$ cat upload_0.txt   # compact mmCIF, C-alpha atoms and all ligand atoms
# COMPACT_ATOMS: atom_id res chain seq x y z
CA MET R 10 173.53 180.94 25.52
CA ILE R 11 172.20 179.49 22.30
CA GLN R 12 168.48 180.07 22.03
CA ILE R 13 165.70 178.23 20.25
CA PRO R 14 165.08 179.56 16.70
CA ARG R 15 162.33 182.18 16.46
CA GLY R 16 158.92 180.72 15.65
CA THR R 17 159.71 177.27 17.02
CA GLN R 18 158.95 175.73 20.40
CA ASP R 19 160.09 172.96 22.69
CA ILE R 20 157.36 170.61 23.79
CA LEU R 21 158.42 169.93 27.33
CA PRO R 22 157.91 166.65 29.24
CA LYS R 23 155.29 168.35 31.43
CA ASP R 24 153.18 169.11 28.32
CA SER R 25 153.92 166.29 25.88
CA TYR R 26 150.99 164.20 27.17
CA LYS R 27 148.64 166.80 25.61
CA TRP R 28 150.20 166.28 22.21
CA GLN R 29 150.04 162.51 22.59
CA PHE R 30 146.38 162.69 23.61
CA ILE R 31 145.46 164.95 20.66
CA GLU R 32 147.35 162.83 18.15
CA ASP R 33 145.84 159.59 19.50
CA THR R 34 142.32 161.06 19.41
CA LEU R 35 142.75 162.26 15.81
CA LYS R 36 144.17 158.87 14.78
CA ASP R 37 141.10 157.16 16.30
CA VAL R 38 138.85 159.30 14.10
CA CYS R 39 140.99 158.38 11.05
CA GLU R 40 140.54 154.73 11.96
CA LYS R 41 136.73 155.13 11.94
CA TYR R 42 136.83 156.76 8.50
CA ASN R 43 139.28 154.09 7.26
CA TYR R 44 142.28 156.37 6.57
CA GLN R 45 145.82 154.98 6.94
CA GLU R 46 148.97 156.84 7.86
CA ILE R 47 151.54 158.03 5.32
CA ARG R 48 154.96 159.49 6.24
CA THR R 49 156.94 161.48 3.70
CA PRO R 50 160.40 163.12 3.96
CA ILE R 51 160.90 166.41 5.77
CA PHE R 52 162.53 167.86 2.64
CA GLU R 53 161.63 167.55 -1.03
CA SER R 54 162.82 169.02 -4.33
CA THR R 55 161.97 172.72 -4.32
CA ASP R 56 160.32 172.29 -7.69
CA LEU R 57 157.57 170.15 -6.15
CA PHE R 58 156.20 173.09 -4.13
CA VAL R 59 156.83 175.69 -6.83
CA ARG R 60 154.72 173.67 -9.25
CA ALA R 61 152.03 172.44 -6.84
CA VAL R 62 151.48 175.36 -4.45
CA GLY R 63 152.15 177.97 -7.16
CA ASP R 64 154.96 180.42 -7.82
CA THR R 65 152.80 183.48 -7.10
CA THR R 66 151.74 182.36 -3.62
CA ASP R 67 153.18 183.78 -0.39
CA ILE R 68 154.24 180.29 0.68
CA VAL R 69 156.51 179.82 -2.34
CA ASN R 70 157.57 183.45 -2.73
CA LYS R 71 158.32 184.38 0.85
CA GLU R 72 158.03 181.55 3.28
CA MET R 73 160.00 178.51 2.15
CA TYR R 74 163.13 177.19 3.84
CA THR R 75 165.08 176.46 0.68
CA PHE R 76 168.72 175.35 0.54
CA LYS R 77 171.22 173.79 -1.82
CA ASP R 78 172.42 170.33 -0.76
CA LYS R 79 176.02 169.24 -1.25
CA GLY R 80 175.11 167.93 -4.70
CA ASP R 81 173.95 171.46 -5.66
CA ARG R 82 170.27 170.41 -5.78
CA SER R 83 167.67 172.87 -4.53
CA MET R 84 165.76 171.35 -1.61
CA THR R 85 162.96 172.74 0.55
CA LEU R 86 161.73 171.87 4.04
CA ARG R 87 158.11 171.00 3.34
CA PRO R 88 155.77 173.95 3.96
CA GLU R 89 152.65 171.77 3.55
CA GLY R 90 151.64 168.14 3.19
CA THR R 91 149.49 167.77 0.09
CA ALA R 92 152.18 168.14 -2.59
CA PRO R 93 154.45 165.48 -0.96
CA VAL R 94 151.51 163.08 -0.61
CA VAL R 95 150.57 163.53 -4.27
CA ARG R 96 154.23 163.11 -5.27
CA SER R 97 154.32 159.84 -3.33
CA TYR R 98 150.95 158.75 -4.78
CA ILE R 99 152.35 159.14 -8.30
CA GLU R 100 155.82 157.77 -7.59
CA ASN R 101 154.46 154.66 -5.85
CA LYS R 102 151.76 154.17 -8.51
CA MET R 103 149.05 154.14 -5.88
CA TYR R 104 146.55 154.90 -8.66
CA GLY R 105 147.05 151.27 -9.74
CA ASP R 106 146.14 149.91 -6.30
CA PRO R 107 142.84 147.97 -6.51
CA ASN R 108 141.86 149.52 -3.18
CA GLN R 109 140.46 152.94 -4.22
CA PRO R 110 140.23 155.75 -3.35
CA ILE R 111 143.56 156.12 -1.57
CA LYS R 112 142.71 157.51 1.86
CA VAL R 113 145.65 158.69 3.95
CA PHE R 114 146.46 160.85 6.96
CA TYR R 115 149.73 162.45 8.09
CA ASN R 116 151.01 164.00 11.29
CA GLN R 117 154.21 165.82 10.44
CA PRO R 118 156.11 169.05 11.07
CA MET R 119 155.86 171.78 8.41
CA PHE R 120 158.09 174.83 7.94
CA ARG R 121 157.15 178.34 6.84
CA TYR R 122 159.23 181.46 7.34
CA GLU R 123 156.38 183.62 8.67
CA ARG R 124 156.21 186.44 11.17
CA GLN R 125 155.69 184.82 14.54
CA GLN R 126 152.51 185.58 16.45
CA LYS R 127 149.99 183.70 18.55
CA GLY R 128 149.00 180.64 16.53
CA ARG R 129 151.61 181.24 13.85
CA TYR R 130 154.95 179.46 13.97
CA ARG R 131 157.86 178.73 11.66
CA GLN R 132 157.75 175.05 12.56
CA PHE R 133 154.30 173.63 13.27
CA VAL R 134 152.74 170.18 13.16
CA GLN R 135 150.03 169.56 10.61
CA PHE R 136 147.60 166.72 11.00
CA GLY R 137 146.12 166.30 7.54
CA VAL R 138 144.05 163.89 5.47
CA GLU R 139 143.83 163.30 1.72
CA ALA R 140 141.44 161.15 -0.35
CA ILE R 141 142.84 160.70 -3.85
CA GLY R 142 141.38 158.92 -6.88
CA VAL R 143 137.72 159.89 -6.82
CA GLU R 144 135.62 162.87 -7.81
CA ASP R 145 132.30 162.55 -6.07
CA PRO R 146 130.54 165.14 -3.88
CA LEU R 147 130.03 162.35 -1.33
CA ILE R 148 133.77 162.06 -0.68
CA ASP R 149 133.92 165.85 -0.24
CA VAL R 150 131.21 165.44 2.37
CA GLU R 151 133.11 162.59 4.03
CA ILE R 152 136.15 164.86 4.33
CA LEU R 153 134.08 167.71 5.78
CA SER R 154 132.38 165.38 8.21
CA MET R 155 135.78 164.09 9.30
CA LEU R 156 136.99 167.65 9.87
CA MET R 157 134.06 168.33 12.19
CA ALA R 158 134.50 164.94 13.92
CA PHE R 159 138.12 165.83 14.67
CA TYR R 160 137.14 168.93 16.65
CA GLU R 161 133.93 167.57 18.14
CA SER R 162 135.80 164.58 19.56
CA PHE R 163 137.44 167.01 22.02
CA GLY R 164 134.12 168.66 22.93
CA LEU R 165 134.94 171.88 21.05
CA LYS R 166 131.81 173.91 20.23
CA ASP R 167 132.81 177.41 19.15
CA LEU R 168 133.34 176.41 15.54
CA GLU R 169 132.22 177.85 12.23
CA LEU R 170 132.71 175.97 8.98
CA HIS R 171 133.14 178.28 5.97
CA ILE R 172 132.72 176.77 2.53
CA ASN R 173 132.93 177.99 -1.03
CA SER R 174 133.35 176.62 -4.52
CA ILE R 175 136.15 177.95 -6.65
CA GLY R 176 134.85 176.00 -9.61
CA ASP R 177 136.64 174.15 -12.34
CA PHE R 178 139.40 175.60 -14.56
CA ASP R 179 136.92 177.03 -17.10
CA SER R 180 134.89 178.86 -14.45
CA ARG R 181 138.09 180.19 -12.98
CA LYS R 182 139.30 181.63 -16.27
CA GLU R 183 136.16 183.78 -16.55
CA TYR R 184 136.51 184.83 -12.93
CA GLN R 185 140.17 185.82 -13.32
CA LYS R 186 139.18 188.09 -16.19
CA ALA R 187 136.48 189.75 -14.07
CA LEU R 188 138.98 190.31 -11.23
CA GLN R 189 141.47 191.91 -13.61
CA GLU R 190 138.80 194.31 -14.86
CA HIS R 191 137.81 195.13 -11.28
CA PHE R 192 141.29 195.81 -9.90
CA ARG R 193 143.26 197.09 -12.90
CA PRO R 194 142.05 200.74 -12.92
CA SER R 195 143.22 201.23 -9.29
CA ILE R 196 146.07 198.74 -9.15
CA ASP R 197 148.55 201.56 -8.31
CA GLU R 198 146.94 201.77 -4.88
CA PHE R 199 147.93 198.17 -4.13
CA CYS R 200 151.20 196.66 -2.92
CA SER R 201 153.92 195.63 -5.37
CA ASP R 202 152.99 191.94 -4.96
CA CYS R 203 149.41 192.65 -6.03
CA GLN R 204 150.66 194.73 -8.96
CA SER R 205 152.47 191.72 -10.34
CA ARG R 206 149.68 189.31 -9.36
CA ILE R 207 147.12 191.17 -11.46
CA ASP R 208 148.57 189.58 -14.58
CA SER R 209 149.95 186.30 -13.28
CA ASN R 210 147.27 185.28 -10.77
CA PRO R 211 144.61 187.89 -9.87
CA MET R 212 142.88 185.55 -7.37
CA ARG R 213 145.91 185.90 -5.10
CA ILE R 214 145.07 189.60 -4.65
CA LEU R 215 142.06 188.48 -2.62
CA ASP R 216 144.21 186.93 0.09
CA CYS R 217 146.82 189.67 0.26
CA LYS R 218 147.62 190.37 3.91
CA LYS R 219 148.73 193.98 3.25
CA ASP R 220 145.79 195.18 1.17
CA LYS R 221 143.00 193.26 2.87
CA ASN R 222 141.23 196.48 3.97
CA HIS R 223 141.27 198.25 0.59
CA PRO R 224 137.65 199.15 -0.31
CA LEU R 225 137.91 197.35 -3.66
CA MET R 226 138.34 194.05 -1.80
CA ALA R 227 134.80 194.12 -0.43
CA THR R 228 133.26 194.95 -3.81
CA ALA R 229 135.34 192.43 -5.81
CA PRO R 230 133.39 189.99 -8.02
CA LYS R 231 132.47 186.71 -6.34
CA ILE R 232 133.60 183.40 -7.82
CA THR R 233 130.14 181.93 -7.19
CA ASP R 234 128.73 184.28 -9.86
CA TYR R 235 131.10 182.77 -12.42
CA LEU R 236 130.59 179.05 -11.80
CA ASN R 237 129.53 177.10 -14.87
CA GLU R 238 126.68 174.60 -14.69
CA GLU R 239 128.86 171.62 -13.81
CA SER R 240 130.66 173.46 -11.01
CA LEU R 241 127.36 174.78 -9.65
CA SER R 242 125.71 171.39 -9.57
CA TYR R 243 128.75 169.85 -7.85
CA TYR R 244 128.60 172.59 -5.19
CA GLU R 245 124.82 172.22 -4.76
CA LYS R 246 125.17 168.47 -4.20
CA VAL R 247 127.89 168.97 -1.55
CA LYS R 248 125.71 171.49 0.29
CA SER R 249 122.51 169.43 0.15
CA GLN R 250 124.34 166.37 1.45
CA LEU R 251 125.87 168.42 4.30
CA ASP R 252 122.32 169.53 5.17
CA LYS R 253 121.13 165.92 5.20
CA ILE R 254 123.77 164.80 7.68
CA GLY R 255 123.31 167.93 9.79
CA ILE R 256 126.65 169.67 9.28
CA LYS R 257 126.20 173.41 9.65
CA TYR R 258 128.20 175.75 7.41
CA VAL R 259 128.47 179.37 6.32
CA GLU R 260 128.81 180.11 2.62
CA ASP R 261 131.76 182.41 2.17
CA PRO R 262 132.16 183.62 -1.44
CA ASN R 263 135.43 185.40 -0.51
CA LEU R 264 137.18 182.21 0.53
CA VAL R 265 139.83 181.48 -2.13
CA ARG R 266 142.59 179.81 0.00
CA GLY R 267 146.28 180.66 -0.23
CA LEU R 268 147.45 177.77 -2.43
CA ASP R 269 146.93 177.51 -6.18
CA TYR R 270 145.91 173.87 -6.57
CA TYR R 271 142.29 174.17 -5.44
CA THR R 272 139.20 173.59 -7.60
CA HIS R 273 135.53 173.22 -6.61
CA THR R 274 135.02 172.70 -2.86
CA ALA R 275 137.20 174.92 -0.63
CA PHE R 276 136.75 175.36 3.11
CA GLU R 277 138.15 176.67 6.36
CA LEU R 278 137.15 175.99 9.93
CA MET R 279 137.19 179.04 12.20
CA SER R 280 137.16 179.35 15.96
CA THR R 281 134.51 181.77 17.24
CA SER R 282 135.81 181.58 20.80
CA ASP R 283 136.53 184.97 22.43
CA GLY R 284 139.85 183.92 23.86
CA PHE R 285 141.27 182.63 20.62
CA GLY R 286 143.27 185.59 19.34
CA SER R 287 143.42 187.29 15.98
CA ILE R 288 144.21 184.32 13.75
CA THR R 289 141.00 182.37 13.86
CA THR R 290 141.52 179.71 11.19
CA LEU R 291 141.83 176.28 12.76
CA ALA R 292 142.01 174.21 9.59
CA GLY R 293 141.77 174.55 5.83
CA GLY R 294 141.47 172.42 2.77
CA GLY R 295 139.67 171.66 -0.45
CA ARG R 296 139.48 169.73 -3.68
CA TYR R 297 142.42 169.69 -6.11
CA ASN R 298 141.38 168.30 -9.47
CA GLY R 299 144.39 169.28 -11.56
CA LEU R 300 147.20 168.64 -9.12
CA VAL R 301 147.99 164.98 -9.87
CA GLU R 302 148.27 165.73 -13.58
CA MET R 303 150.23 168.90 -12.92
CA LEU R 304 152.84 166.73 -11.18
CA ASP R 305 152.98 164.38 -14.19
CA GLY R 306 150.58 161.78 -12.79
CA PRO R 307 147.41 160.34 -14.34
CA LYS R 308 144.07 162.15 -14.59
CA GLU R 309 143.06 161.59 -10.97
CA THR R 310 141.61 164.05 -8.48
CA GLY R 311 141.73 164.48 -4.72
CA ILE R 312 140.49 166.38 -1.70
CA GLY R 313 141.81 166.91 1.80
CA PHE R 314 142.54 169.32 4.62
CA ALA R 315 145.08 170.02 7.32
CA LEU R 316 145.00 171.52 10.79
CA SER R 317 147.81 172.43 13.09
CA ILE R 318 148.02 170.83 16.51
CA GLU R 319 149.28 174.18 17.85
CA ARG R 320 146.03 175.94 16.93
CA LEU R 321 143.93 173.01 18.14
CA LEU R 322 145.63 173.40 21.53
CA LEU R 323 144.82 177.13 21.49
CA ALA R 324 141.16 176.32 20.74
CA LEU R 325 141.03 173.90 23.69
CA GLU R 326 142.54 176.55 25.93
CA ALA R 327 140.12 179.23 24.66
CA GLU R 328 137.12 176.99 25.42
CA GLY R 329 138.52 175.94 28.80
CA ILE R 330 138.78 172.25 27.87
CA GLU R 331 141.47 170.56 29.91
CA ILE R 332 143.35 167.45 28.90
CA LYS R 333 144.00 165.23 31.91
CA ASN R 334 147.50 163.85 32.30
CA PRO R 335 146.97 160.10 31.94
CA HIS R 336 150.38 159.29 33.40
CA THR R 337 150.30 157.22 36.59
CA LEU R 338 153.10 155.97 38.82
CA ASP R 339 152.02 152.73 40.51
CA LEU R 340 154.75 152.56 43.13
CA TYR R 341 157.57 154.66 44.58
CA VAL R 342 160.11 152.75 46.64
CA VAL R 343 161.47 154.77 49.57
CA THR R 344 164.87 153.43 50.64
CA ILE R 345 166.94 153.70 53.82
CA GLY R 346 170.63 152.84 53.37
CA GLU R 347 172.91 151.63 50.63
CA GLU R 348 171.89 147.96 50.80
CA ALA R 349 168.20 148.86 50.45
CA ARG R 350 168.96 151.04 47.41
CA ASP R 351 170.80 148.19 45.69
CA TYR R 352 167.95 145.84 46.48
CA ALA R 353 165.34 148.38 45.26
CA SER R 354 167.01 148.65 41.85
CA VAL R 355 166.65 144.87 41.42
CA LEU R 356 163.08 144.94 42.70
CA LEU R 357 162.12 147.73 40.28
CA SER R 358 163.42 145.80 37.31
CA ARG R 359 161.31 142.78 38.39
CA LEU R 360 158.16 144.88 38.84
CA ARG R 361 158.60 146.59 35.46
CA LYS R 362 158.68 143.17 33.80
CA ASN R 363 155.37 142.66 35.60
CA LYS R 364 154.02 145.70 33.65
CA LEU R 365 154.01 148.10 36.59
CA THR R 366 155.21 151.73 36.44
CA VAL R 367 157.65 152.15 39.30
CA ASP R 368 160.36 154.55 40.43
CA MET R 369 162.76 155.22 43.30
CA ASP R 370 165.07 157.91 44.63
CA TYR R 371 168.44 158.29 42.87
CA LYS R 372 169.68 161.31 44.78
CA ALA R 373 170.18 159.67 48.18
CA ARG R 374 167.58 161.91 49.84
CA GLY R 375 166.26 161.49 53.36
CA VAL R 376 163.01 159.59 53.99
CA GLY R 377 160.85 162.75 54.29
CA ALA R 378 162.22 164.17 51.05
CA GLN R 379 161.62 160.84 49.31
CA PHE R 380 157.95 160.88 50.39
CA ARG R 381 157.60 164.40 49.06
CA ASP R 382 159.20 163.28 45.82
CA ALA R 383 156.72 160.35 45.63
CA ASP R 384 153.88 162.82 46.13
CA ARG R 385 155.17 165.18 43.42
CA LYS R 386 155.50 162.31 41.00
CA GLY R 387 151.90 161.27 41.73
CA ALA R 388 152.72 157.80 43.09
CA THR R 389 149.65 155.72 43.92
CA TYR R 390 151.54 153.53 46.41
CA THR R 391 154.81 153.68 48.34
CA ILE R 392 156.80 151.15 50.34
CA VAL R 393 159.71 151.81 52.68
CA LEU R 394 162.70 149.47 52.29
CA GLY R 395 165.20 149.42 55.17
CA ASP R 396 167.26 146.81 57.06
CA ASN R 397 164.18 145.49 58.83
CA GLU R 398 162.19 144.93 55.60
CA LEU R 399 165.16 143.27 53.90
CA GLU R 400 165.51 140.88 56.85
CA THR R 401 161.84 139.89 57.20
CA GLY R 402 160.93 140.09 53.48
CA GLN R 403 157.73 141.94 54.51
CA VAL R 404 156.76 145.54 53.54
CA LYS R 405 153.88 147.91 54.24
CA LEU R 406 152.20 148.97 51.01
CA LYS R 407 150.88 152.47 51.61
CA HIS R 408 148.09 153.99 49.52
CA MET R 409 149.18 157.63 49.26
CA ALA R 410 145.76 159.23 48.85
CA THR R 411 144.05 157.47 51.82
CA GLY R 412 147.11 156.67 53.94
CA GLU R 413 145.82 153.10 54.26
CA GLU R 414 148.53 150.43 54.72
CA VAL R 415 148.50 146.73 53.86
CA GLU R 416 151.25 144.34 54.88
CA THR R 417 152.56 142.09 52.11
CA SER R 418 155.62 140.00 51.30
CA ILE R 419 158.11 141.54 48.83
CA GLU R 420 157.59 138.36 46.81
CA ASN R 421 153.89 139.21 46.34
CA LEU R 422 154.28 142.97 45.96
CA GLY R 423 153.33 143.07 42.27
CA GLU R 424 150.12 141.12 42.88
CA ALA R 425 149.24 143.21 45.91
CA ILE R 426 149.53 146.44 43.85
CA LYS R 427 147.42 145.03 41.05
P1 LIG R 501 146.92 175.78 4.80
O1 LIG R 501 145.65 176.55 4.91
O2 LIG R 501 148.11 176.48 4.29
O3 LIG R 501 146.60 174.51 3.92
O4 LIG R 501 147.28 175.19 6.22
C1 LIG R 501 146.38 174.36 6.89
C2 LIG R 501 146.41 174.63 8.38
O5 LIG R 501 147.76 174.56 8.87
C3 LIG R 501 145.97 176.01 8.81
O6 LIG R 501 144.56 176.10 8.84
C4 LIG R 501 146.56 176.11 10.19
O7 LIG R 501 145.84 175.33 11.13
C5 LIG R 501 147.88 175.41 9.98
N1 LIG R 501 148.96 176.39 9.75
C6 LIG R 501 149.36 176.94 8.59
N2 LIG R 501 150.40 177.77 8.78
C7 LIG R 501 150.66 177.74 10.11
C8 LIG R 501 151.65 178.38 10.94
N3 LIG R 501 152.57 179.19 10.44
N4 LIG R 501 151.62 178.11 12.27
C9 LIG R 501 150.70 177.27 12.80
N5 LIG R 501 149.77 176.64 12.06
C10 LIG R 501 149.74 176.87 10.73
C11 LIG R 501 147.49 173.54 3.60
O8 LIG R 501 148.61 173.45 4.07
C12 LIG R 501 146.92 172.48 2.67
N6 LIG R 501 147.99 171.52 2.35
C13 LIG R 501 145.73 171.80 3.30
C14 LIG R 501 145.15 170.76 2.41
C15 LIG R 501 145.27 169.43 2.52
N7 LIG R 501 144.44 170.97 1.32
C16 LIG R 501 144.12 169.83 0.75
N8 LIG R 501 144.63 168.85 1.48

$ encode --input "upload_0.txt" --output "structure tokens"
Amino acid sequence: MIQIPRGTQDILPKDSYKWQFIEDTLKDVCEKYNYQEIRTPIFESTDLFVRAVGDTTDIVNKEMYTFKDKGDRSMTLRPEGTAPVVRSYIENKMYGDPNQPIKVFYNQPMFRYERQQKGRYRQFVQFGVEAIGVEDPLIDVEILSMLMAFYESFGLKDLELHINSIGDFDSRKEYQKALQEHFRPSIDEFCSDCQSRIDSNPMRILDCKKDKNHPLMATAPKITDYLNEESLSYYEKVKSQLDKIGIKYVEDPNLVRGLDYYTHTAFELMSTSDGFGSITTLAGGGRYNGLVEMLDGPKETGIGFALSIERLLLALEAEGIEIKNPHTLDLYVVTIGEEARDYASVLLSRLRKNKLTVDMDYKARGVGAQFRDADRKGATYTIVLGDNELETGQVKLKHMATGEEVETSIENLGEAIK
């Protein structure tokens, strides 16, 4: 038997309503914040992610689904959504649109070859937002407020917003030097990835999964001590504005994120719920001031974040928040005999045109089994169609929950249900 690839999952018909509800709720929040949907291809040139996410990151080094197409071009299934959005922003000259900033959201599958565990998949759906074309602490605050609105709209409470500033490029240069001085004397005690990162990108050492418990990690210099005046005042403004609108946060000077394009504001939302499991990050994002230029676009900046629907579902489960199945079946037609079945199929097609959700038995079951089927399918009403009903044109409309019956003509059935 062929099995589903490791790290992927089927979303079965009995569960898909949860996904639809989550996606609709998130889209409603986007509507309030005036963000419109963007859809980009599932695969892109490999180079896009190498340049944007960074060639020393785990995503690019270890986790990408990369393949040669028949034209010998290197393609990659997208591991994240920001680089494709920025590519599209540049390619479609959105920077020339009079309507600025460009505010978009996406709801698309992403692919990372990671070790599967609870909350970590090889194909997962990211719901993300990006605001491109403005550098203003107030838009950073809008993005953070949207992040919280996403989760609060489901009634989730066990949340902790971690924020940090990783400064501008100048501040970062100083910080990278300090990290090199800190780690270099003992770099032999670190994994081979970290040994090469010390020269190419020392900040990546801080989010190494293998060496995270090495004592030098806890004593490493903090980026916040290396922020220049401009970076500090940007960070201060973001924090004071968050205070004004009542968004609680924890300052986390160790938060550096796993992608290279970030500058200034960086953040992650964690679940503090007991039942959540060991991976507690629900969402992550930040500002990316150099990315548009790095991808050969104009000098424009952006900020955004992404969450995975899979982890949002885990958070709902951990906090015991149930999503009700909104599906209803207005009518189930129980049939007796061949003639009644033929007639029912015509009747159903008429009622569906009348905007009713209706169903019948297609397995020629007995009357009792059909009633049980109606019950299982959650039918609000049933009718029985047999020779007698076909002759008189009258049926008894039965309300399944109360057992109450009302006599009506088949002609008026739709109206009677409504
Ligand atoms: P990221 O932190 O790599 O950031 O991923 C964002 C979110 O995607 C995570 O917080 C998590 O919810 C989800 N996620 C990541 N990997 C997995 C996985 N293997 N299984 C399930 N869920 C996962 C980014 O991707 C950035 N593009 C976010 C961003 C947008 N920054 C600015 N704009």

$ atom_distance --input "upload_0.txt" --atom1 "atom CA of R:Leu225" --atom2 "atom CA of R:Ser195"
8.7 Å

$ residues_around --input "upload_0.txt" --residues "R:Lys427" --least-positions-apart "2" --cutoff "12 Å" --atoms "all atoms listed in the file" --output "list in words"
Asp339, Leu340, Leu360, Asn363, Lys364, Leu365, Thr366, Thr389, Tyr390, Leu406, Asn421, Leu422, Gly423, Glu424 and Ala425 of chain R

$ write_last_selection --input "upload_0.txt" --atoms "C-alpha atoms" --output "PDB file, keeping the file's coordinate frame"
ATOM      1  CA  ASP R 339     152.020 152.730  40.510  1.00  0.00           C
ATOM      2  CA  LEU R 340     154.750 152.560  43.130  1.00  0.00           C
ATOM      3  CA  LEU R 360     158.160 144.880  38.840  1.00  0.00           C
ATOM      4  CA  ASN R 363     155.370 142.660  35.600  1.00  0.00           C
ATOM      5  CA  LYS R 364     154.020 145.700  33.650  1.00  0.00           C
ATOM      6  CA  LEU R 365     154.010 148.100  36.590  1.00  0.00           C
ATOM      7  CA  THR R 366     155.210 151.730  36.440  1.00  0.00           C
ATOM      8  CA  THR R 389     149.650 155.720  43.920  1.00  0.00           C
ATOM      9  CA  TYR R 390     151.540 153.530  46.410  1.00  0.00           C
ATOM     10  CA  LEU R 406     152.200 148.970  51.010  1.00  0.00           C
ATOM     11  CA  ASN R 421     153.890 139.210  46.340  1.00  0.00           C
ATOM     12  CA  LEU R 422     154.280 142.970  45.960  1.00  0.00           C
ATOM     13  CA  GLY R 423     153.330 143.070  42.270  1.00  0.00           C
ATOM     14  CA  GLU R 424     150.120 141.120  42.880  1.00  0.00           C
ATOM     15  CA  ALA R 425     149.240 143.210  45.910  1.00  0.00           C
TER      16      ALA R 425
END

$ atom_distance --input "upload_0.txt" --atom1 "atom CA of R:Pro262" --atom2 "atom CA of R:Tyr244"
12.2 Å

$ residues_near_point --input "upload_0.txt" --point "(155.1, 184.0, 2.1)" --cutoff "12 Å" --atoms "all atoms listed in the file" --output "number ranges by chain"
R: 62-74, 88, 120-124, 131, 202, 213, 216-219, 267-268

$ closest_residue --input "upload_0.txt" --among "R:Ile345, R:Ile254, R:Ile31, R:Leu153" --to "R:Gly294" --atoms "only C-alpha atoms"
R:Leu153

$ atom_distance --input "upload_0.txt" --atom1 "atom CA of R:Leu57" --atom2 "atom CA of R:Tyr98"
13.3 Å

$ closest_residue --input "upload_0.txt" --among "R:Glu347, R:Glu198, R:Glu309, R:Asp149" --to "ligand LIG 501 (chain R)" --atoms "all atoms listed in the file"
R:Asp149
